[in-house]
Each structure stands twice: as C-alpha cells, then as structure tokens.
Amino acid sequence: MKTKILFFIIFISIVISCNNKSTSIELSTSTSNLHLNVNSEITDTTNIASEETSKKIELNFFSEQLDNTKGLSNSSVNTIFQDSDNLLWVGTWDGLNRFDGTNFKIFRPELNNEKSLSNQVILKIAEDNSGLIWILTMGGINSYHKKSNTFQRYNFLRKNKFTLSESEFNMASDGSRIIFCAVKYWGIGYFDGKEFLKIGVKNLPASSVKRMSFSSTGELLLLFENNELFSLEVETKESGKKIISKVKLLSEQIREFDTFPSGAICMNTIDGDVFIYTLSDHKKQKLSLTNVQKIVGHTDSGIVLYDKFEYFSIDTEGNISKQSWFEHLKKQELITLIQGSENVIWIGTDGDGLLKIYPHRKSFNLISEKNVSEFDVGIVRAFAEAKGKSFFVGTKGKGLFKFPSNFYLNAKTPLSYEVFNDDNSGIDNSVFSLFNGQDELMFVGTDGEGISVFDLKKSKLINWTEILDSELYDYFKSVYAIYQDANGVIWLGTNGY
C-alpha cells in the first residue's frame with residue numbers, strides 16, 4: 001500500500017483543557033514521575049557561548065600572516081578599519097586594500113583620473129553615517145563610493161600641491177559618524193554631506209595635527225606636532241552648524257594617546273611614562289610603567305602598549321595584564337591593531353604585512369550519553385527553542401526532553417533536564433516534530449494519536465485526548481511536520497492520514 005502524506009488544518013481556536021472531560025488523563029508533574037538529572041555536565045560548549053560567557057573562557061589563538069605574497073599591496077601597514085559591511089580595509093605605504101576574507105582588492109592613484117586616490121600612502125580610514133569610506137592619504141583626504149567604485153578628492157584649495165609630510169592632513173569621525181578634519185594652513189572642519197565646512201577656533205598651536213580622535217563622551221582630541229594634547233568641545237546649533245564652544249590644553253610632552261570606552265584617555269609621554277586622564281574631573285593618574293615606546297591600539301580588554309621588551313594591555317582602572325594572544329607578537333614590529341568581528345585581532349606590522357589572530361573553537365560540540373544518559377540509544381529527530389524559556393529535543397524511542405534555554409552557555413554548570421515519555425506523561429516515545437507556536441505553546445508531533453502541546457505558561461504537557469473537542473476530528477497520528485501561520489492556523493503533515 002502506497003504511503004500518502006496528507007495535510008489538514010486545525011484552528012488555534014481549539015481550547016486546551018485538562019479538566020473539562022471525564023476521559024481526560026490527569027497529567028502528573030511530580031518529581032517522582034519526571035526524571036530530573038542535575039549531575040551531568042557539558043564538557044565543551046565554547047563554540048556557542050554568548051559574548052559575556054566567552055570572555056570568561058580562556059581561548060586558544062591561532063595566527064595567520066597576510067603579506068604582499070598573499071595579495072596585499074605592500075607589507076608595511078599603517079592603518080586597519082572594518083566597515084559596517086564587515087569588509088576589512090588596510091592602508092599601506094603603497095595602496096589601499098579591501099579584504100573580503102578571501103581576496104584583496106587594491107586601489108592606487110591612477111594617472112589622469114580625478115576619481116582615483118590622491119596618493120598611494122594611506123594613513124587612516126573611517127566610515128561616515130551615509131556609508132562613505134573615508135581615506136586619509138599623505139596627499140589629502142578622499143571619500144570612496146562603493147556603488148560607483150569611485151573616489152572623490154578633498155584638497156582644500158591645495159590643487160596639485162601634495163606633501164611628503166604625514167601630518168598636514170588628519171581626520172576623525174564622531175559618535176554620529178560625522179567626519180571631521182584638521183588641515184594645516186586651513187584649520188578644523190567637518191563634512192556636512194556635501195562639502196567640508198570650516199569651524200572657527202582660537203588658541204590652538206599653528207603646528208600640524210599628528211593624531212585626531214573623539215572620546216566616547218564627544219570631545220574632539222587633537223595632538224599637535226609640538227606634543228601638546230588639546231580637548232575641544234563641539235556644539236551643534238539649532239541651524240545644524242557646528243562650533244567649538246571650549247578649548248582646553250590637557251597635557252604637554254605627549255607622544256601618543258588612545259581612548260577608553262569610559263571616556264578616559266591613555267597618554268604616553270615622550271619620556272615613556274603612561275597616564276590615565278579622566279575628562280569628567282580632569283584628574284591625571286600616573287601608572288607604574290616606564291620606557292613605554294608605543295600605543296599600538298585597543299581591544300575589548302584594554303589598550304595595548306609596548307615598552308622596549310614586551311607588549312601588555314591596560315584597562316581604564318590602570319590594571320596591567322597580558323593577553324594569551326600576545327605570544328604571537330614576538331618577532332614583528334607592530335604599527336596598529338584593531339579587534340574586528342568574531343573576536344578576530346587584526347594587526348598591521350612594519351614589513352611583515354597583516355596578522356590575523358583568531359580564537360580557535362570547534363565548529364560543533366557533542367552532547368551525548370555522557371551528559372544525558374537517555375541518549376545512549378536515542379536518535380534526535382527534532383529540536384526547537386522557546387526563547388528565554390526552554391529548549392526542547394524530540395527523540396526516537398526516548399520521548400521528549402526539556403532543557404533550560406541557555407543550557408549550552410556554561411560548560412562548567414551541571415546540566416539539568418526533564419524527560420516526558422509514555423511512562424510518566426502518556427506522550428508517545430517517538431517524537432517526530434516540534435514547533436514553537438503562538439500563545440507560548442510548543443506543539444509536539446509524535447507517532448501517537450493526534451498532537452501534544454506543551455503549555456509554557458503552566459509548564460505542563462497536554463496530550464491530544466486532553467484537548468477540548470479533539471474527538472470531533474478524524475483519527476490521525478504520525479505527525480512529521482508542524483507549522484502555524486500568521487493567522488494562527490496550524491498545518492500538520494502526517495504519514496498516511
């Protein structure tokens with residue numbers, strides 16, 4: 001006899017009831033009838049850990065080198081940036097590189113093409129609120145339009161007058177991803193969507209800006225060639241025009257700086273000392289560090305610095321630590337680093353190209369009979385999550401398993417679960433399908449009669465014979481597929497009914 005798959009409709013207006021029928025089976029949820037196992041552990045679940053949990057787990061890191069033999073335009077890297085499309089942009093001493101995870105696309109100036117880069121030396125990269133990619137070169141500021149694959153040059157009335165200085169131009173984006181610039185002999189300005197508008201500001205040095213950045217609290221930070229670090233408060237008028245409302249000299253003799261998410265600033269002096277400066281109260285804390293040569297960049301763990309011998313990181317409280325991935329930094333001279341998506345550390349070196357340092361995790365991890373004794377011979381046929389409540393697993397021969405929704409997040413936490421089978425709840429031991437439906441109902445398809453429903457509000461399993469008016473429907477069993485549409489209609493796929 002040919003097996004047929006038939007579909008029929010059950011409306012959501014079916015009322016689930018356990019008490020209105022004399023033939024109802026009383027569902028017992030006592031601990032004597034439900035198997036509760038709190039002694040089992042998941043041995044390794046780091047691959048699916050949440051961001052918060054993953055920070056607590058010590059990871060093994062691997063490294064990969066990408067240089068000019070792998071398609072990078074030049075092995076001396078000045079800057080790295082990852083845009084909103086997760087494309088990696090790498091600025092070198094000879095060209096701009098776009099990396100899609102497999103291949104590099106190289107951009108360089110083109111003769112007689114005004115829509116190409118203004119200079120091949122790439123110093124900084126950013127993205128604005130319209131999706132334009134901004135490139136700071138030794139010869140000026142450029143924007144890149146992804147759709148048209150063209151560049152626009154902004155030379156600030158310095159037509160064809162390029163420079164061999166790295167600091168005649170600089171730029172930074174604020175918290176709203178508006179691009180600001182600092183140009184020698186022109187001043188400070190911002191891009192209004194069409195052009196750069198100059199902002200009048202007094203009491204600043206006449207020398208070039210060698211580093212420019214915004215704090216997380218909105219201050220524009222400028223480090224000049226004379227090693228003076230200034231803070232500028234930017235104010236937006238009702239007209240939309242931006243002005244500088246306050247200028248403050250934060251410190252002198254500063255070689256480099258970087259910012260913490262808290263708004264504090266890490267300062268490295270020309271003498272090799274390190275300070276943490278708090279903008280809110282203008283307090284300056286000196287750390288017990290000496291001979292610090294360089295601020296390389298920052299990750300979620302803190303700002304990475306280098307003295308004459310090793311790399312280390314500091315947090316906003318001044319705590320000093322060494323990350324496990326630092327072991328990959330023994331030979332290269334680092335210029336810059338960022339933490340990209342998926343916790344990948346991208347590092348630019350002087351002569352060794354780009355380093356990719358990434359955490360190693362298994363693609364899959366196993367929950368087996370070591371964790372759940374009933375899985376010794378059970379075959380998993382279906383699973384579904386009621387987000388924030390429970391994770392259900394249907395098996396062939398062992399019934400329905402109910403785990404906490406976050407059971408896979410903590411490897412060291414004992415795994416608890418409940419088992420529903422024909423011994424303790426009347427559900428058939430062969431579960432074929434699961435669907436998380438509306439009204440906090442989990443629909444369960446089995447090899448038994450009808451369908452079962454788990455009421456998440458009451459934490460109670462309800463079988464077909466306990467559902468009001470279920471006898472009005474034709475006999476069916478072996479539900480292999482369940483779906484509930486937007487109108488609340490439940491569609492079932494059965495084997496031969």
# chains A, B, ... in the order shown; residues from 1 in each chain; ligands from 1
$ residues_around --residues "Leu355 of chain A" --least-positions-apart "5" --cutoff "9 Å" --atoms "only C-alpha atoms" --output "PDB file with C-alpha atoms, in the first residue's frame"
ATOM      1  CA  SER A  63      47.686  33.378  13.761  1.00  0.00           C
ATOM      2  CA  GLU A  64      47.874  33.849  10.015  1.00  0.00           C
ATOM      3  CA  GLN A  65      50.166  36.194   8.119  1.00  0.00           C
ATOM      4  CA  LEU A  66      48.903  38.054   5.053  1.00  0.00           C
ATOM      5  CA  ASP A  67      51.588  39.991   3.194  1.00  0.00           C
ATOM      6  CA  ILE A 345      42.530  40.659  16.178  1.00  0.00           C
ATOM      7  CA  TRP A 346      43.903  42.366  13.058  1.00  0.00           C
ATOM      8  CA  ILE A 347      47.437  43.721  13.380  1.00  0.00           C
ATOM      9  CA  GLY A 348      49.412  45.902  10.995  1.00  0.00           C
ATOM     10  CA  THR A 349      53.174  45.476  11.014  1.00  0.00           C
TER      11      THR A 349
END
$ residues_around --residues "Asn103 of chain A" --least-positions-apart "6" --cutoff "12 Å" --atoms "only C-alpha atoms" --output "MDAnalysis selection string"
chainID A and resid 66:68 70:73 87:89 97
$ closest_residue --among "A:Phe432, A:Tyr408, A:Trp491, A:Phe312" --to "Lys477 of chain A" --atoms "only C-alpha atoms"
A:Phe432
$ atom_distance --atom1 "atom CA of Val489 of chain A" --atom2 "atom CA of Val444 of chain A"
15.4 Å
$ select_by_dssp --residues "segment 115-342 of chain A" --states "strand (DSSP E)" --output "count of residues only"
113
$ closest_residue --among "A:Leu434, A:Ile451, A:Ala264, A:Leu221" --to "Tyr473 of chain A" --atoms "only C-alpha atoms"
A:Ile451
$ closest_residue --among "A:Thr102, A:Asn495, A:Thr336, A:Ser368" --to "Leu354 of chain A" --atoms "only C-alpha atoms"
A:Thr336
$ residues_around --residues "segment 105-111 of chain A" --least-positions-apart "5" --cutoff "8 Å" --atoms "only C-alpha atoms" --output "list in words"
Leu72, Ser73, Asp94, Gly95, Leu96, Asn97, Arg98, Phe99, Ser116, Leu117, Ser118, Asn119 and Gln120 of chain A
$ closest_residue --among "A:Thr236, A:Lys330, A:Lys398, A:Phe392" --to "Tyr417 of chain A" --atoms "only C-alpha atoms"
A:Phe392
$ select_by_dssp --residues "segment 271-394 of chain A" --states "helix (DSSP H, G or I)" --output "JSON, numbers by chain"
{"A": [324, 325, 326, 327, 328, 341, 342, 343, 373, 374, 375, 376]}
$ write_last_selection --atoms "N, CA and C atoms" --output "compact mmCIF listing (two decimals), in the first residue's frame"
# COMPACT_ATOMS: atom_id res chain seq x y z
N SER A 324 46.50 36.20 26.20
CA SER A 324 47.10 34.95 25.72
C SER A 324 47.56 35.05 24.27
N TRP A 325 46.92 35.93 23.48
CA TRP A 325 47.32 36.03 22.08
C TRP A 325 48.60 36.84 21.88
N PHE A 326 49.13 37.44 22.95
CA PHE A 326 50.38 38.19 22.84
C PHE A 326 51.56 37.29 22.46
N GLU A 327 51.42 36.00 22.70
CA GLU A 327 52.51 35.08 22.37
C GLU A 327 52.80 35.05 20.88
N HIS A 328 51.87 35.56 20.06
CA HIS A 328 52.07 35.60 18.62
C HIS A 328 52.78 36.88 18.18
N SER A 341 35.19 41.81 14.00
CA SER A 341 34.08 40.93 14.32
C SER A 341 34.59 39.54 14.64
N GLU A 342 33.78 38.78 15.39
CA GLU A 342 34.09 37.41 15.79
C GLU A 342 35.39 37.32 16.60
N ASN A 343 35.71 38.42 17.32
CA ASN A 343 36.89 38.46 18.20
C ASN A 343 38.21 38.25 17.48
N SER A 373 22.01 10.55 29.96
CA SER A 373 22.13 9.09 29.93
C SER A 373 21.16 8.45 28.94
N GLU A 374 19.99 9.07 28.75
CA GLU A 374 18.99 8.50 27.84
C GLU A 374 19.40 8.60 26.38
N PHE A 375 20.45 9.34 26.07
CA PHE A 375 20.90 9.47 24.69
C PHE A 375 21.75 8.27 24.25
N ASP A 376 21.82 7.23 25.08
CA ASP A 376 22.67 6.09 24.74
C ASP A 376 22.22 5.40 23.47
$ atom_distance --atom1 "atom CA of Ser76 of chain A" --atom2 "atom CA of Asp352 of chain A"
6.7 Å
